[in-house]
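Pasting query-v1.tsv here (TSV, N, CA and C atoms):
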```
chain	number	residue	atom	x	y	z
D	1	MET	N	105.38	97.61	23.53
D	1	MET	CA	104.51	97.05	24.54
D	1	MET	C	104.03	98.21	25.43
D	2	ASN	N	102.75	98.22	25.72
D	2	ASN	CA	102.23	99.31	26.54
D	2	ASN	C	102.56	99.06	28.02
D	3	ALA	N	102.41	100.08	28.83
D	3	ALA	CA	102.81	100.04	30.24
D	3	ALA	C	101.97	99.03	31.04
D	4	ALA	N	100.69	98.96	30.77
D	4	ALA	CA	99.82	98.06	31.52
D	4	ALA	C	100.22	96.61	31.30
D	5	ARG	N	100.52	96.26	30.05
D	5	ARG	CA	100.93	94.89	29.76
D	5	ARG	C	102.28	94.57	30.41
D	6	HIS	N	103.20	95.53	30.40
D	6	HIS	CA	104.51	95.35	31.02
D	6	HIS	C	104.36	95.13	32.53
D	7	ILE	N	103.51	95.91	33.18
D	7	ILE	CA	103.27	95.76	34.61
D	7	ILE	C	102.64	94.40	34.90
D	8	ALA	N	101.70	93.99	34.09
D	8	ALA	CA	101.04	92.70	34.29
D	8	ALA	C	102.03	91.55	34.16
D	9	ARG	N	102.93	91.63	33.18
D	9	ARG	CA	103.94	90.58	33.01
D	9	ARG	C	104.90	90.56	34.20
D	10	THR	N	105.25	91.73	34.71
D	10	THR	CA	106.14	91.81	35.86
D	10	THR	C	105.50	91.19	37.09
D	11	HIS	N	104.21	91.49	37.29
D	11	HIS	CA	103.49	90.92	38.44
D	11	HIS	C	103.37	89.40	38.31
D	12	ARG	N	103.09	88.92	37.13
D	12	ARG	CA	102.97	87.49	36.91
D	12	ARG	C	104.31	86.79	37.17
D	13	ALA	N	105.38	87.38	36.73
D	13	ALA	CA	106.70	86.80	36.97
D	13	ALA	C	107.04	86.81	38.47
D	14	ALA	N	106.66	87.88	39.15
D	14	ALA	CA	106.95	87.97	40.59
D	14	ALA	C	106.18	86.94	41.40
D	15	ARG	N	104.99	86.58	40.94
D	15	ARG	CA	104.19	85.59	41.66
D	15	ARG	C	104.74	84.18	41.50
D	16	HIS	N	105.58	83.95	40.53
D	16	HIS	CA	106.05	82.60	40.24
D	16	HIS	C	107.53	82.38	40.53
D	17	VAL	N	108.13	83.21	41.37
D	17	VAL	CA	109.53	82.99	41.73
D	17	VAL	C	109.59	82.02	42.91
D	18	SER	N	110.75	81.44	43.11
D	18	SER	CA	110.92	80.52	44.22
D	18	SER	C	110.91	81.27	45.54
D	19	LYS	N	110.62	80.55	46.62
D	19	LYS	CA	110.60	81.18	47.94
D	19	LYS	C	111.96	81.76	48.29
D	20	ALA	N	113.02	81.04	47.97
D	20	ALA	CA	114.36	81.52	48.30
D	20	ALA	C	114.64	82.86	47.64
D	21	LEU	N	114.28	82.99	46.38
D	21	LEU	CA	114.50	84.25	45.68
D	21	LEU	C	113.62	85.36	46.24
D	22	ALA	N	112.40	85.04	46.60
D	22	ALA	CA	111.49	86.05	47.16
D	22	ALA	C	112.03	86.59	48.48
D	23	TYR	N	112.45	85.71	49.38
D	23	TYR	CA	112.97	86.16	50.66
D	23	TYR	C	114.32	86.86	50.50
D	24	ARG	N	115.12	86.40	49.58
D	24	ARG	CA	116.40	87.06	49.31
D	24	ARG	C	116.17	88.49	48.83
D	25	THR	N	115.17	88.68	47.98
D	25	THR	CA	114.84	90.01	47.47
D	25	THR	C	114.34	90.91	48.59
D	26	ARG	N	113.53	90.35	49.49
D	26	ARG	CA	113.02	91.14	50.61
D	26	ARG	C	114.14	91.59	51.53
D	27	SER	N	115.16	90.77	51.70
D	27	SER	CA	116.26	91.11	52.59
D	27	SER	C	117.23	92.09	51.95
D	28	GLY	N	117.36	92.07	50.65
D	28	GLY	CA	118.16	93.05	49.91
D	28	GLY	C	119.62	93.09	50.31
D	29	LEU	N	120.11	94.29	50.58
D	29	LEU	CA	121.52	94.50	50.87
D	29	LEU	C	121.96	93.86	52.18
D	30	ILE	N	121.02	93.66	53.09
D	30	ILE	CA	121.37	93.03	54.35
D	30	ILE	C	121.81	91.58	54.11
D	31	ALA	N	121.11	90.88	53.23
D	31	ALA	CA	121.49	89.50	52.90
D	31	ALA	C	122.86	89.46	52.24
D	32	VAL	N	123.16	90.45	51.43
D	32	VAL	CA	124.48	90.52	50.80
D	32	VAL	C	125.56	90.71	51.86
D	33	ALA	N	125.29	91.58	52.84
D	33	ALA	CA	126.26	91.82	53.92
D	33	ALA	C	126.47	90.55	54.76
D	34	VAL	N	125.43	89.77	54.96
D	34	VAL	CA	125.57	88.52	55.71
D	34	VAL	C	126.43	87.53	54.92
D	35	GLU	N	126.22	87.44	53.62
D	35	GLU	CA	127.03	86.53	52.80
D	35	GLU	C	128.49	86.95	52.75
D	36	GLN	N	128.74	88.26	52.78
D	36	GLN	CA	130.11	88.75	52.73
D	36	GLN	C	130.80	88.66	54.08
D	37	GLY	N	130.04	88.49	55.14
D	37	GLY	CA	130.63	88.37	56.47
D	37	GLY	C	130.72	89.68	57.23
D	38	THR	N	130.21	90.77	56.68
D	38	THR	CA	130.24	92.03	57.41
D	38	THR	C	129.16	92.08	58.48
D	39	LEU	N	128.14	91.24	58.35
D	39	LEU	CA	127.13	91.03	59.38
D	39	LEU	C	127.02	89.53	59.62
D	40	ILE	N	126.80	89.12	60.87
D	40	ILE	CA	126.66	87.70	61.15
D	40	ILE	C	125.41	87.45	61.98
D	41	ARG	N	124.88	86.24	61.83
D	41	ARG	CA	123.76	85.80	62.66
D	41	ARG	C	124.33	85.19	63.93
D	42	THR	N	123.51	85.07	64.95
D	42	THR	CA	123.99	84.49	66.20
D	42	THR	C	124.40	83.03	66.01
D	43	GLY	N	123.68	82.32	65.15
D	43	GLY	CA	124.05	80.94	64.86
D	43	GLY	C	125.40	80.82	64.20
D	44	ASP	N	125.76	81.81	63.37
D	44	ASP	CA	127.08	81.81	62.74
D	44	ASP	C	128.18	81.92	63.79
D	45	LEU	N	127.96	82.79	64.78
D	45	LEU	CA	128.94	82.94	65.85
D	45	LEU	C	129.09	81.64	66.64
D	46	LEU	N	127.96	81.02	66.96
D	46	LEU	CA	128.03	79.76	67.71
D	46	LEU	C	128.73	78.68	66.91
D	47	ASP	N	128.51	78.63	65.60
D	47	ASP	CA	129.20	77.66	64.76
D	47	ASP	C	130.70	77.91	64.73
D	48	ARG	N	131.09	79.18	64.66
D	48	ARG	CA	132.52	79.52	64.63
D	48	ARG	C	133.21	79.15	65.94
D	49	LEU	N	132.47	79.26	67.04
D	49	LEU	CA	133.05	78.92	68.35
D	49	LEU	C	132.96	77.43	68.66
D	50	GLY	N	132.28	76.68	67.81
D	50	GLY	CA	132.17	75.24	68.00
D	50	GLY	C	131.12	74.83	69.01
D	51	ALA	N	130.15	75.68	69.26
D	51	ALA	CA	129.08	75.35	70.20
D	51	ALA	C	128.03	74.53	69.49
D	52	ASP	N	127.82	73.32	69.95
D	52	ASP	CA	126.82	72.44	69.35
D	52	ASP	C	125.58	72.46	70.22
D	53	LEU	N	124.82	73.54	70.14
D	53	LEU	CA	123.61	73.70	70.95
D	53	LEU	C	122.39	73.28	70.16
D	54	PRO	N	121.39	72.70	70.83
D	54	PRO	CA	120.13	72.40	70.14
D	54	PRO	C	119.41	73.70	69.77
D	55	ASP	N	118.44	73.59	68.88
D	55	ASP	CA	117.75	74.78	68.37
D	55	ASP	C	117.12	75.62	69.48
D	56	GLY	N	116.55	74.99	70.48
D	56	GLY	CA	115.93	75.73	71.57
D	56	GLY	C	116.91	76.61	72.31
D	57	GLN	N	118.11	76.10	72.56
D	57	GLN	CA	119.12	76.90	73.23
D	57	GLN	C	119.71	77.97	72.32
D	58	ARG	N	119.79	77.70	71.03
D	58	ARG	CA	120.27	78.71	70.10
D	58	ARG	C	119.32	79.91	70.05
D	59	SER	N	118.02	79.64	70.09
D	59	SER	CA	117.08	80.75	70.04
D	59	SER	C	117.14	81.57	71.33
D	60	TRP	N	117.37	80.92	72.47
D	60	TRP	CA	117.52	81.68	73.71
D	60	TRP	C	118.79	82.51	73.69
D	61	PHE	N	119.85	81.97	73.10
D	61	PHE	CA	121.06	82.77	72.97
D	61	PHE	C	120.80	84.00	72.11
D	62	GLY	N	120.04	83.83	71.03
D	62	GLY	CA	119.67	84.97	70.20
D	62	GLY	C	118.88	86.01	70.96
D	63	ARG	N	118.01	85.57	71.86
D	63	ARG	CA	117.24	86.51	72.69
D	63	ARG	C	118.16	87.26	73.64
D	64	HIS	N	119.15	86.58	74.18
D	64	HIS	CA	120.12	87.26	75.05
D	64	HIS	C	120.91	88.30	74.27
D	65	CYS	N	121.26	87.98	73.03
D	65	CYS	CA	121.98	88.95	72.18
D	65	CYS	C	121.10	90.17	71.91
D	66	ALA	N	119.84	89.94	71.59
D	66	ALA	CA	118.93	91.05	71.31
D	66	ALA	C	118.75	91.93	72.53
D	67	LYS	N	118.66	91.33	73.69
D	67	LYS	CA	118.50	92.10	74.93
D	67	LYS	C	119.75	92.94	75.21
D	68	ALA	N	120.92	92.34	75.02
D	68	ALA	CA	122.18	93.07	75.23
D	68	ALA	C	122.32	94.20	74.22
D	69	TYR	N	121.89	93.97	72.98
D	69	TYR	CA	121.97	95.01	71.94
D	69	TYR	C	121.06	96.18	72.29
D	70	ARG	N	119.83	95.86	72.71
D	70	ARG	CA	118.90	96.94	73.09
D	70	ARG	C	119.42	97.73	74.27
D	71	ALA	N	120.05	97.07	75.22
D	71	ALA	CA	120.60	97.77	76.39
D	71	ALA	C	121.74	98.70	75.99
D	72	ALA	N	122.54	98.28	75.03
D	72	ALA	CA	123.69	99.10	74.60
D	72	ALA	C	123.31	100.20	73.63
D	73	HIS	N	122.17	100.08	72.95
D	73	HIS	CA	121.80	101.04	71.91
D	73	HIS	C	120.49	101.77	72.22
D	74	LEU	N	120.26	102.04	73.50
D	74	LEU	CA	119.12	102.85	73.94
D	74	LEU	C	117.78	102.33	73.45
D	75	GLY	N	117.60	101.03	73.48
D	75	GLY	CA	116.32	100.41	73.13
D	75	GLY	C	116.11	100.13	71.66
D	76	ALA	N	117.07	100.43	70.82
D	76	ALA	CA	116.92	100.17	69.38
D	76	ALA	C	117.13	98.69	69.10
D	77	ASP	N	116.37	98.17	68.15
D	77	ASP	CA	116.51	96.76	67.77
D	77	ASP	C	117.61	96.60	66.73
D	78	ALA	N	118.18	95.41	66.67
D	78	ALA	CA	119.21	95.10	65.69
D	78	ALA	C	118.58	94.96	64.30
D	79	VAL	N	119.41	94.95	63.29
D	79	VAL	CA	118.97	94.77	61.92
D	79	VAL	C	118.51	93.32	61.75
D	80	ARG	N	117.46	93.12	60.97
D	80	ARG	CA	116.92	91.77	60.77
D	80	ARG	C	117.03	91.36	59.31
D	81	VAL	N	117.12	90.05	59.11
D	81	VAL	CA	117.22	89.49	57.77
D	81	VAL	C	116.39	88.20	57.73
D	82	TRP	N	115.86	87.88	56.56
D	82	TRP	CA	115.17	86.61	56.38
D	82	TRP	C	116.22	85.53	56.18
D	83	SER	N	116.08	84.43	56.91
D	83	SER	CA	117.04	83.35	56.82
D	83	SER	C	116.30	82.02	56.89
D	84	GLN	N	116.85	81.03	56.26
D	84	GLN	CA	116.23	79.71	56.28
D	84	GLN	C	116.70	78.97	57.52
D	85	HIS	N	115.76	78.41	58.27
D	85	HIS	CA	116.08	77.68	59.50
D	85	HIS	C	116.94	76.48	59.16
D	86	ARG	N	117.92	76.21	59.99
D	86	ARG	CA	118.92	75.18	59.66
D	86	ARG	C	118.37	73.77	59.70
D	87	THR	N	117.32	73.49	60.48
D	87	THR	CA	116.80	72.12	60.54
D	87	THR	C	115.43	71.97	59.88
D	88	THR	N	114.56	72.95	60.04
D	88	THR	CA	113.21	72.82	59.49
D	88	THR	C	113.10	73.33	58.06
D	89	GLY	N	113.99	74.24	57.67
D	89	GLY	CA	113.94	74.80	56.33
D	89	GLY	C	112.94	75.95	56.18
D	90	ARG	N	112.22	76.28	57.25
D	90	ARG	CA	111.27	77.39	57.18
D	90	ARG	C	112.02	78.72	57.14
D	91	TRP	N	111.40	79.73	56.55
D	91	TRP	CA	112.00	81.05	56.49
D	91	TRP	C	111.61	81.82	57.74
D	92	ILE	N	112.62	82.33	58.45
D	92	ILE	CA	112.40	83.07	59.70
D	92	ILE	C	113.15	84.38	59.66
D	93	HIS	N	112.72	85.31	60.48
D	93	HIS	CA	113.37	86.60	60.62
D	93	HIS	C	114.37	86.50	61.76
D	94	VAL	N	115.64	86.80	61.51
D	94	VAL	CA	116.67	86.73	62.55
D	94	VAL	C	117.44	88.04	62.61
D	95	ASN	N	117.95	88.34	63.79
D	95	ASN	CA	118.78	89.54	63.96
D	95	ASN	C	120.19	89.25	63.46
D	96	VAL	N	120.82	90.28	62.93
D	96	VAL	CA	122.21	90.17	62.50
D	96	VAL	C	123.01	91.30	63.16
D	97	TYR	N	124.26	91.03	63.42
D	97	TYR	CA	125.13	91.95	64.15
D	97	TYR	C	126.47	92.05	63.44
D	98	ALA	N	127.22	93.09	63.76
D	98	ALA	CA	128.60	93.18	63.30
D	98	ALA	C	129.40	92.10	64.04
D	99	PRO	N	130.39	91.50	63.42
D	99	PRO	CA	131.15	90.42	64.09
D	99	PRO	C	131.82	90.86	65.39
D	100	THR	N	132.09	92.13	65.52
D	100	THR	CA	132.75	92.63	66.74
D	100	THR	C	131.79	93.33	67.68
D	101	ASP	N	130.51	93.16	67.49
D	101	ASP	CA	129.52	93.83	68.33
D	101	ASP	C	129.63	93.33	69.77
D	102	PRO	N	129.75	94.23	70.74
D	102	PRO	CA	129.86	93.81	72.14
D	102	PRO	C	128.64	93.03	72.64
D	103	ALA	N	127.49	93.21	72.03
D	103	ALA	CA	126.28	92.51	72.47
D	103	ALA	C	126.45	91.00	72.32
D	104	LEU	N	127.14	90.55	71.29
D	104	LEU	CA	127.36	89.12	71.09
D	104	LEU	C	128.18	88.52	72.23
D	105	TYR	N	129.20	89.23	72.64
D	105	TYR	CA	130.10	88.70	73.66
D	105	TYR	C	129.53	88.89	75.07
D	106	THR	N	128.69	89.90	75.23
D	106	THR	CA	127.96	90.05	76.49
D	106	THR	C	126.99	88.88	76.64
D	107	ALA	N	126.31	88.53	75.57
D	107	ALA	CA	125.37	87.41	75.62
D	107	ALA	C	126.10	86.09	75.86
D	108	LEU	N	127.30	85.94	75.33
D	108	LEU	CA	128.07	84.72	75.57
D	108	LEU	C	128.33	84.53	77.06
D	109	THR	N	128.60	85.62	77.76
D	109	THR	CA	128.92	85.51	79.18
D	109	THR	C	127.68	85.50	80.07
D	110	THR	N	126.56	86.03	79.59
D	110	THR	CA	125.36	86.07	80.44
D	110	THR	C	124.46	84.85	80.26
D	111	TYR	N	124.51	84.20	79.12
D	111	TYR	CA	123.66	83.03	78.90
D	111	TYR	C	124.36	81.79	79.46
D	112	LYS	N	123.67	81.06	80.30
D	112	LYS	CA	124.26	79.95	81.03
D	112	LYS	C	124.84	78.87	80.11
D	113	ALA	N	124.18	78.57	79.01
D	113	ALA	CA	124.64	77.49	78.13
D	113	ALA	C	125.88	77.85	77.33
D	114	THR	N	126.21	79.13	77.22
D	114	THR	CA	127.39	79.54	76.44
D	114	THR	C	128.45	80.22	77.29
D	115	ARG	N	128.22	80.29	78.58
D	115	ARG	CA	129.17	80.98	79.47
D	115	ARG	C	130.57	80.39	79.37
D	116	HIS	N	130.68	79.09	79.24
D	116	HIS	CA	131.99	78.45	79.16
D	116	HIS	C	132.75	78.83	77.88
D	117	LEU	N	132.04	79.14	76.81
D	117	LEU	CA	132.69	79.53	75.55
D	117	LEU	C	133.36	80.88	75.68
D	118	GLY	N	132.69	81.81	76.33
D	118	GLY	CA	133.26	83.15	76.51
D	118	GLY	C	134.47	83.13	77.42
D	119	GLN	N	134.43	82.34	78.48
D	119	GLN	CA	135.55	82.28	79.40
D	119	GLN	C	136.77	81.66	78.75
D	120	ALA	N	136.59	80.62	77.94
D	120	ALA	CA	137.72	79.97	77.28
D	120	ALA	C	138.36	80.91	76.27
D	121	ASP	N	137.54	81.68	75.54
D	121	ASP	CA	138.10	82.60	74.55
D	121	ASP	C	138.87	83.72	75.22
D	122	PHE	N	138.36	84.25	76.33
D	122	PHE	CA	139.05	85.34	76.99
D	122	PHE	C	140.34	84.85	77.64
D	123	ALA	N	140.36	83.62	78.11
D	123	ALA	CA	141.57	83.07	78.72
D	123	ALA	C	142.66	82.89	77.67
D	124	GLU	N	142.28	82.48	76.46
D	124	GLU	CA	143.27	82.31	75.39
D	124	GLU	C	143.87	83.64	74.96
D	125	VAL	N	143.05	84.69	74.95
D	125	VAL	CA	143.53	86.00	74.53
D	125	VAL	C	144.48	86.57	75.56
D	126	ALA	N	144.19	86.36	76.83
D	126	ALA	CA	145.01	86.91	77.91
D	126	ALA	C	146.32	86.18	77.95
```
Taking this structure as input, can you express it in the form of structure tokens?
Amino acid sequence: MNAARHIARTHRAARHVSKALAYRTRSGLIAVAVEQGTLIRTGDLLDRLGADLPDGQRSWFGRHCAKAYRAAHLGADAVRVWSQHRTTGRWIHVNVYAPTDPALYTALTTYKATRHLGQADFAEVA
């Protein structure tokens, strides 16, 4: 098979993959790290802590995390991954962090809707 035909077949196959596979491919190794748990989304942290926040408050918590991350890392943005929205099913770009990143816990204490979660966790540790 000549190279032109091989390239054409590859392009045709790429145009007909599912959305999930296309976004997974775009995210690459970052998506693998999220599945393995070495990186987490802000929603994953809220789920682990048992916070049942509506989508609007979850997105504001994510903004607080991003702001805290930029403040701690001299204005650099966190790593992003394509993820499927939990209620609408749309594909969105979300920030991911290390599970022990201080920005997550700073945001827990600075965001009004999650402030109680951070205080309860710190009281249990002490």
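Here atom N of Ala8 in chain D and atom N of Tyr23 in chain D stand 20.4 Å from one another.
Excluding range 74-83 of chain D itself and same-chain residues fewer than 4 positions from it, the residues having an atom within 5 Å of it are Arg70, Trp91, Ile92, His93, Val94, Asn95 and Val96 of chain D, counting only N, CA and C atoms.
When atom N of Thr100 in chain D is paired with atom N of Leu45 in chain D, their separation reads 10.2 Å.
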How many Å separate atom C of Leu49 in chain D from atom C of Arg24 in chain D?
28.2 Å
